[in-house]
Amino acid sequence: MATITKRGNTYRIKVSCGYDVNGKQVVQSMTYRPDESITATQIRYVRYQQFTKKVYPALGHLRLDKVSTRNVQLFINSLSKDGANEVIGKPLAPKTVRLYQGFISNTFSYAIRLGMLTDNPCSRVTLPKLDNKEKPIYTLEETERFLSLLENEPLQFRVFFVLAVYSGFRRGELLGIEWKDIDWQTGVIKICRASNYTKQKDTFTDTTKTAKSKQSMKFPPFVIALLGEYMAEQAEYADSLGDKWEENDRLFVGVTGRPLTTSLPYKWFDKFCKKNGLPCYGVHQYRHLFDSLLIKEGVDIVSVSGALGHTNPNITLGVYSHLIGDTQNKVTEAVTNALDFAKTKN
């Protein structure tokens, strides 16, 4: 299997390709150096190193040419069982399971290109179906009620969810925002990093999901004013703790100043919804709400894709095609009405 070791700004990748006729292990290696123009595919490849924590215990002890389709299938099946997602104790999403399969398959494809193997056992693995159901999101009325109820809640969560509604940023991107990322004069906030969590690393700073996720967005003045109020509250609280406060530039931190754990916004939101009789669709639903509002207001798909940080508009089209269809119907109706009006004048 593959081993990826980070060395400064480079990654050393080693692949075990079995053994030669003398019983000596055959290893191929290469050094990979990301650059500033890194593509989304390259970023995903670098992130594959995170997959080794599950793949290696399951398959890493097997010689490459001894890994069967059944071995891979059993591992893939295990990812769809409760507990596979160690953070929330649920199965991994079908899309994530497919990424794991891709990681394993790439190893075999590389060995085949080197002439060490002739077959890729991953080609016969059955994968879980992708969930293409329309994502539930709040209506405008529910969103307005939600924002109104937020005014009586702790300022930290007020700020977090107002930013979520007005930006469509991912949860990890929101938690990764630092005070220096805010331009107080222009109202622009930059996304430069993400906050993630694993049991081994606890909460840690990570790269954004894609290169295009590193973006900037302008916020209305009342949001920037709310951020200023929150900054002052945080500074006052930090002063009250004295030496017990861990200095950190993050917006969202815990009681001692350390970056807020990634699960806390959802836990808080779940309790908030139950208390106020609102449906709980998860934190990510605000990203879908943001996208839906843009599309319904007639913003072109390229601009929507850019606002979402998608690597290309086709991803946006795949997820929000049902909304785009509604917009196209409105365009058709508008053109028809305009032409009908012109005919009556003539």
# chains A, B, ... in the order shown; residues from 1 in each chain; ligands from 1
call {"tool": "select_by_dssp", "arguments": {"residues": "range 42-291 of chain A", "states": "strand (DSSP E)", "output": "mmCIF file with N, CA and C atoms, in the first residue's frame"}}
result
data_model
loop_
_atom_site.group_PDB
_atom_site.id
_atom_site.type_symbol
_atom_site.label_atom_id
_atom_site.label_comp_id
_atom_site.auth_asym_id
_atom_site.auth_seq_id
_atom_site.Cartn_x
_atom_site.Cartn_y
_atom_site.Cartn_z
ATOM 1 N N ILE A 182 -10.351 39.775 8.559
ATOM 2 C CA ILE A 182 -11.447 40.739 8.369
ATOM 3 C C ILE A 182 -10.887 42.094 7.968
ATOM 4 N N ASP A 183 -11.382 42.647 6.876
ATOM 5 C CA ASP A 183 -11.061 44.020 6.473
ATOM 6 C C ASP A 183 -12.205 44.896 6.964
ATOM 7 N N VAL A 188 -14.952 43.043 3.956
ATOM 8 C CA VAL A 188 -14.598 41.794 3.273
ATOM 9 C C VAL A 188 -13.920 40.832 4.259
ATOM 10 N N ILE A 189 -14.337 39.576 4.221
ATOM 11 C CA ILE A 189 -13.717 38.522 5.033
ATOM 12 C C ILE A 189 -13.084 37.506 4.098
ATOM 13 N N LYS A 190 -11.828 37.149 4.387
ATOM 14 C CA LYS A 190 -11.099 36.169 3.569
ATOM 15 C C LYS A 190 -11.169 34.786 4.217
ATOM 16 N N ALA A 194 -9.104 26.104 7.153
ATOM 17 C CA ALA A 194 -10.270 25.434 7.735
ATOM 18 C C ALA A 194 -9.863 24.812 9.061
ATOM 19 N N SER A 195 -10.830 24.614 9.921
ATOM 20 C CA SER A 195 -10.600 23.946 11.192
ATOM 21 C C SER A 195 -11.220 22.563 11.114
ATOM 22 N N ASN A 196 -10.440 21.533 11.451
ATOM 23 C CA ASN A 196 -10.931 20.154 11.386
ATOM 24 C C ASN A 196 -10.640 19.429 12.688
ATOM 25 N N TYR A 197 -11.137 18.212 12.785
ATOM 26 C CA TYR A 197 -10.959 17.440 14.025
ATOM 27 C C TYR A 197 -10.787 15.962 13.712
ATOM 28 N N THR A 198 -9.849 15.318 14.397
ATOM 29 C CA THR A 198 -9.754 13.866 14.442
ATOM 30 C C THR A 198 -9.420 13.481 15.877
ATOM 31 N N ASP A 202 -7.030 15.864 17.593
ATOM 32 C CA ASP A 202 -7.955 16.797 18.227
ATOM 33 C C ASP A 202 -8.299 17.884 17.189
ATOM 34 N N THR A 203 -8.571 19.107 17.606
ATOM 35 C CA THR A 203 -8.880 20.192 16.674
ATOM 36 C C THR A 203 -7.581 20.710 16.065
ATOM 37 N N PHE A 204 -7.534 20.815 14.728
ATOM 38 C CA PHE A 204 -6.309 21.270 14.083
ATOM 39 C C PHE A 204 -6.638 22.131 12.871
ATOM 40 N N THR A 205 -5.660 22.937 12.461
ATOM 41 C CA THR A 205 -5.810 23.806 11.297
ATOM 42 C C THR A 205 -5.473 23.023 10.042
ATOM 43 N N ASP A 206 -6.340 23.147 9.030
ATOM 44 C CA ASP A 206 -6.178 22.379 7.798
ATOM 45 C C ASP A 206 -6.312 23.328 6.608
ATOM 46 N N SER A 216 -12.837 35.403 -0.899
ATOM 47 C CA SER A 216 -13.212 36.557 -0.084
ATOM 48 C C SER A 216 -14.673 36.881 -0.346
ATOM 49 N N MET A 217 -15.346 37.409 0.677
ATOM 50 C CA MET A 217 -16.748 37.786 0.508
ATOM 51 C C MET A 217 -17.031 39.070 1.282
ATOM 52 N N LYS A 218 -17.792 39.932 0.661
ATOM 53 C CA LYS A 218 -18.171 41.193 1.286
ATOM 54 C C LYS A 218 -19.473 41.013 2.055
#
call {"tool": "atom_distance", "arguments": {"atom1": "CA of Ile137 in chain A", "atom2": "CA of Thr261 in chain A"}}
result
24.2 Å
call {"tool": "closest_residue", "arguments": {"among": "A:Leu155, A:Leu127, A:Val55, A:Leu227", "to": "Thr107 in chain A", "atoms": "only C-alpha atoms"}}
result
A:Val55
call {"tool": "closest_residue", "arguments": {"among": "A:Pro154, A:Gly115, A:Pro57, A:Pro121", "to": "Gln101 in chain A", "atoms": "only C-alpha atoms"}}
result
A:Pro121
call {"tool": "select_by_dssp", "arguments": {"residues": "range 171-233 of chain A", "states": "helix (DSSP H, G or I)", "output": "PyMOL selection string"}}
result
chain A and resi 171-175+179-181+211-213+221-233
call {"tool": "write_last_selection", "arguments": {"atoms": "C-alpha atoms", "output": "mmCIF file, in the first residue's frame"}}
result
data_model
loop_
_atom_site.group_PDB
_atom_site.id
_atom_site.type_symbol
_atom_site.label_atom_id
_atom_site.label_comp_id
_atom_site.auth_asym_id
_atom_site.auth_seq_id
_atom_site.Cartn_x
_atom_site.Cartn_y
_atom_site.Cartn_z
ATOM 1 C CA ARG A 171 -18.492 24.915 8.942
ATOM 2 C CA GLY A 172 -14.736 24.273 8.957
ATOM 3 C CA GLU A 173 -14.122 27.467 6.982
ATOM 4 C CA LEU A 174 -16.163 29.520 9.447
ATOM 5 C CA LEU A 175 -14.277 28.018 12.391
ATOM 6 C CA TRP A 179 -9.521 38.312 13.217
ATOM 7 C CA LYS A 180 -6.777 39.323 10.783
ATOM 8 C CA ASP A 181 -8.907 37.927 7.934
ATOM 9 C CA ALA A 211 -8.071 25.811 -3.947
ATOM 10 C CA LYS A 212 -11.109 27.885 -4.958
ATOM 11 C CA SER A 213 -12.439 27.677 -1.403
ATOM 12 C CA PRO A 221 -22.429 46.756 7.449
ATOM 13 C CA PHE A 222 -24.659 45.350 10.208
ATOM 14 C CA VAL A 223 -22.732 42.036 10.096
ATOM 15 C CA ILE A 224 -19.397 43.858 10.428
ATOM 16 C CA ALA A 225 -20.846 45.878 13.321
ATOM 17 C CA LEU A 226 -21.921 42.628 14.986
ATOM 18 C CA LEU A 227 -18.379 41.302 14.565
ATOM 19 C CA GLY A 228 -17.004 44.431 16.229
ATOM 20 C CA GLU A 229 -19.339 43.897 19.188
ATOM 21 C CA TYR A 230 -18.245 40.265 19.423
ATOM 22 C CA MET A 231 -14.556 41.192 19.255
ATOM 23 C CA ALA A 232 -14.965 43.598 22.157
ATOM 24 C CA GLU A 233 -16.816 40.973 24.217
#
call {"tool": "decode", "arguments": {"residues": "range 123-162 of chain A", "atoms": "C-alpha atoms", "output": "PDB file, in the first residue's frame"}}
result
ATOM      1  CA  SER A 123     -12.835  -2.275 -10.347  1.00  0.00           C
ATOM      2  CA  ARG A 124     -15.328  -4.912  -9.169  1.00  0.00           C
ATOM      3  CA  VAL A 125     -16.231  -3.320  -5.831  1.00  0.00           C
ATOM      4  CA  THR A 126     -19.862  -2.297  -5.305  1.00  0.00           C
ATOM      5  CA  LEU A 127     -20.164   1.251  -4.003  1.00  0.00           C
ATOM      6  CA  PRO A 128     -23.054   2.867  -2.089  1.00  0.00           C
ATOM      7  CA  LYS A 129     -25.416   4.928  -4.187  1.00  0.00           C
ATOM      8  CA  LEU A 130     -24.989   8.675  -3.987  1.00  0.00           C
ATOM      9  CA  ASP A 131     -27.755  10.564  -2.247  1.00  0.00           C
ATOM     10  CA  ASN A 132     -29.178  12.860  -4.923  1.00  0.00           C
ATOM     11  CA  LYS A 133     -32.235  13.822  -2.922  1.00  0.00           C
ATOM     12  CA  GLU A 134     -33.066  17.494  -2.663  1.00  0.00           C
ATOM     13  CA  LYS A 135     -31.510  18.841   0.531  1.00  0.00           C
ATOM     14  CA  PRO A 136     -34.039  20.178   3.076  1.00  0.00           C
ATOM     15  CA  ILE A 137     -33.492  23.836   3.888  1.00  0.00           C
ATOM     16  CA  TYR A 138     -35.339  26.548   5.773  1.00  0.00           C
ATOM     17  CA  THR A 139     -37.959  28.614   4.031  1.00  0.00           C
ATOM     18  CA  LEU A 140     -37.529  32.378   4.038  1.00  0.00           C
ATOM     19  CA  GLU A 141     -40.076  32.605   6.844  1.00  0.00           C
ATOM     20  CA  GLU A 142     -38.188  30.029   8.932  1.00  0.00           C
ATOM     21  CA  THR A 143     -34.910  31.811   8.248  1.00  0.00           C
ATOM     22  CA  GLU A 144     -36.347  35.145   9.352  1.00  0.00           C
ATOM     23  CA  ARG A 145     -37.714  33.539  12.529  1.00  0.00           C
ATOM     24  CA  PHE A 146     -34.367  31.864  13.146  1.00  0.00           C
ATOM     25  CA  LEU A 147     -32.459  35.150  12.826  1.00  0.00           C
ATOM     26  CA  SER A 148     -34.980  36.873  15.089  1.00  0.00           C
ATOM     27  CA  LEU A 149     -34.630  34.191  17.789  1.00  0.00           C
ATOM     28  CA  LEU A 150     -30.835  34.417  17.536  1.00  0.00           C
ATOM     29  CA  GLU A 151     -30.942  37.943  18.944  1.00  0.00           C
ATOM     30  CA  ASN A 152     -31.588  36.483  22.400  1.00  0.00           C
ATOM     31  CA  GLU A 153     -28.723  33.956  22.203  1.00  0.00           C
ATOM     32  CA  PRO A 154     -25.003  34.163  23.149  1.00  0.00           C
ATOM     33  CA  LEU A 155     -23.148  36.541  20.859  1.00  0.00           C
ATOM     34  CA  GLN A 156     -20.659  33.881  19.758  1.00  0.00           C
ATOM     35  CA  PHE A 157     -23.357  31.702  18.188  1.00  0.00           C
ATOM     36  CA  ARG A 158     -25.218  34.719  16.864  1.00  0.00           C
ATOM     37  CA  VAL A 159     -22.119  35.687  14.909  1.00  0.00           C
ATOM     38  CA  PHE A 160     -21.407  32.143  13.719  1.00  0.00           C
ATOM     39  CA  PHE A 161     -24.872  31.548  12.263  1.00  0.00           C
ATOM     40  CA  VAL A 162     -25.310  35.038  10.831  1.00  0.00           C
TER      41      VAL A 162
END
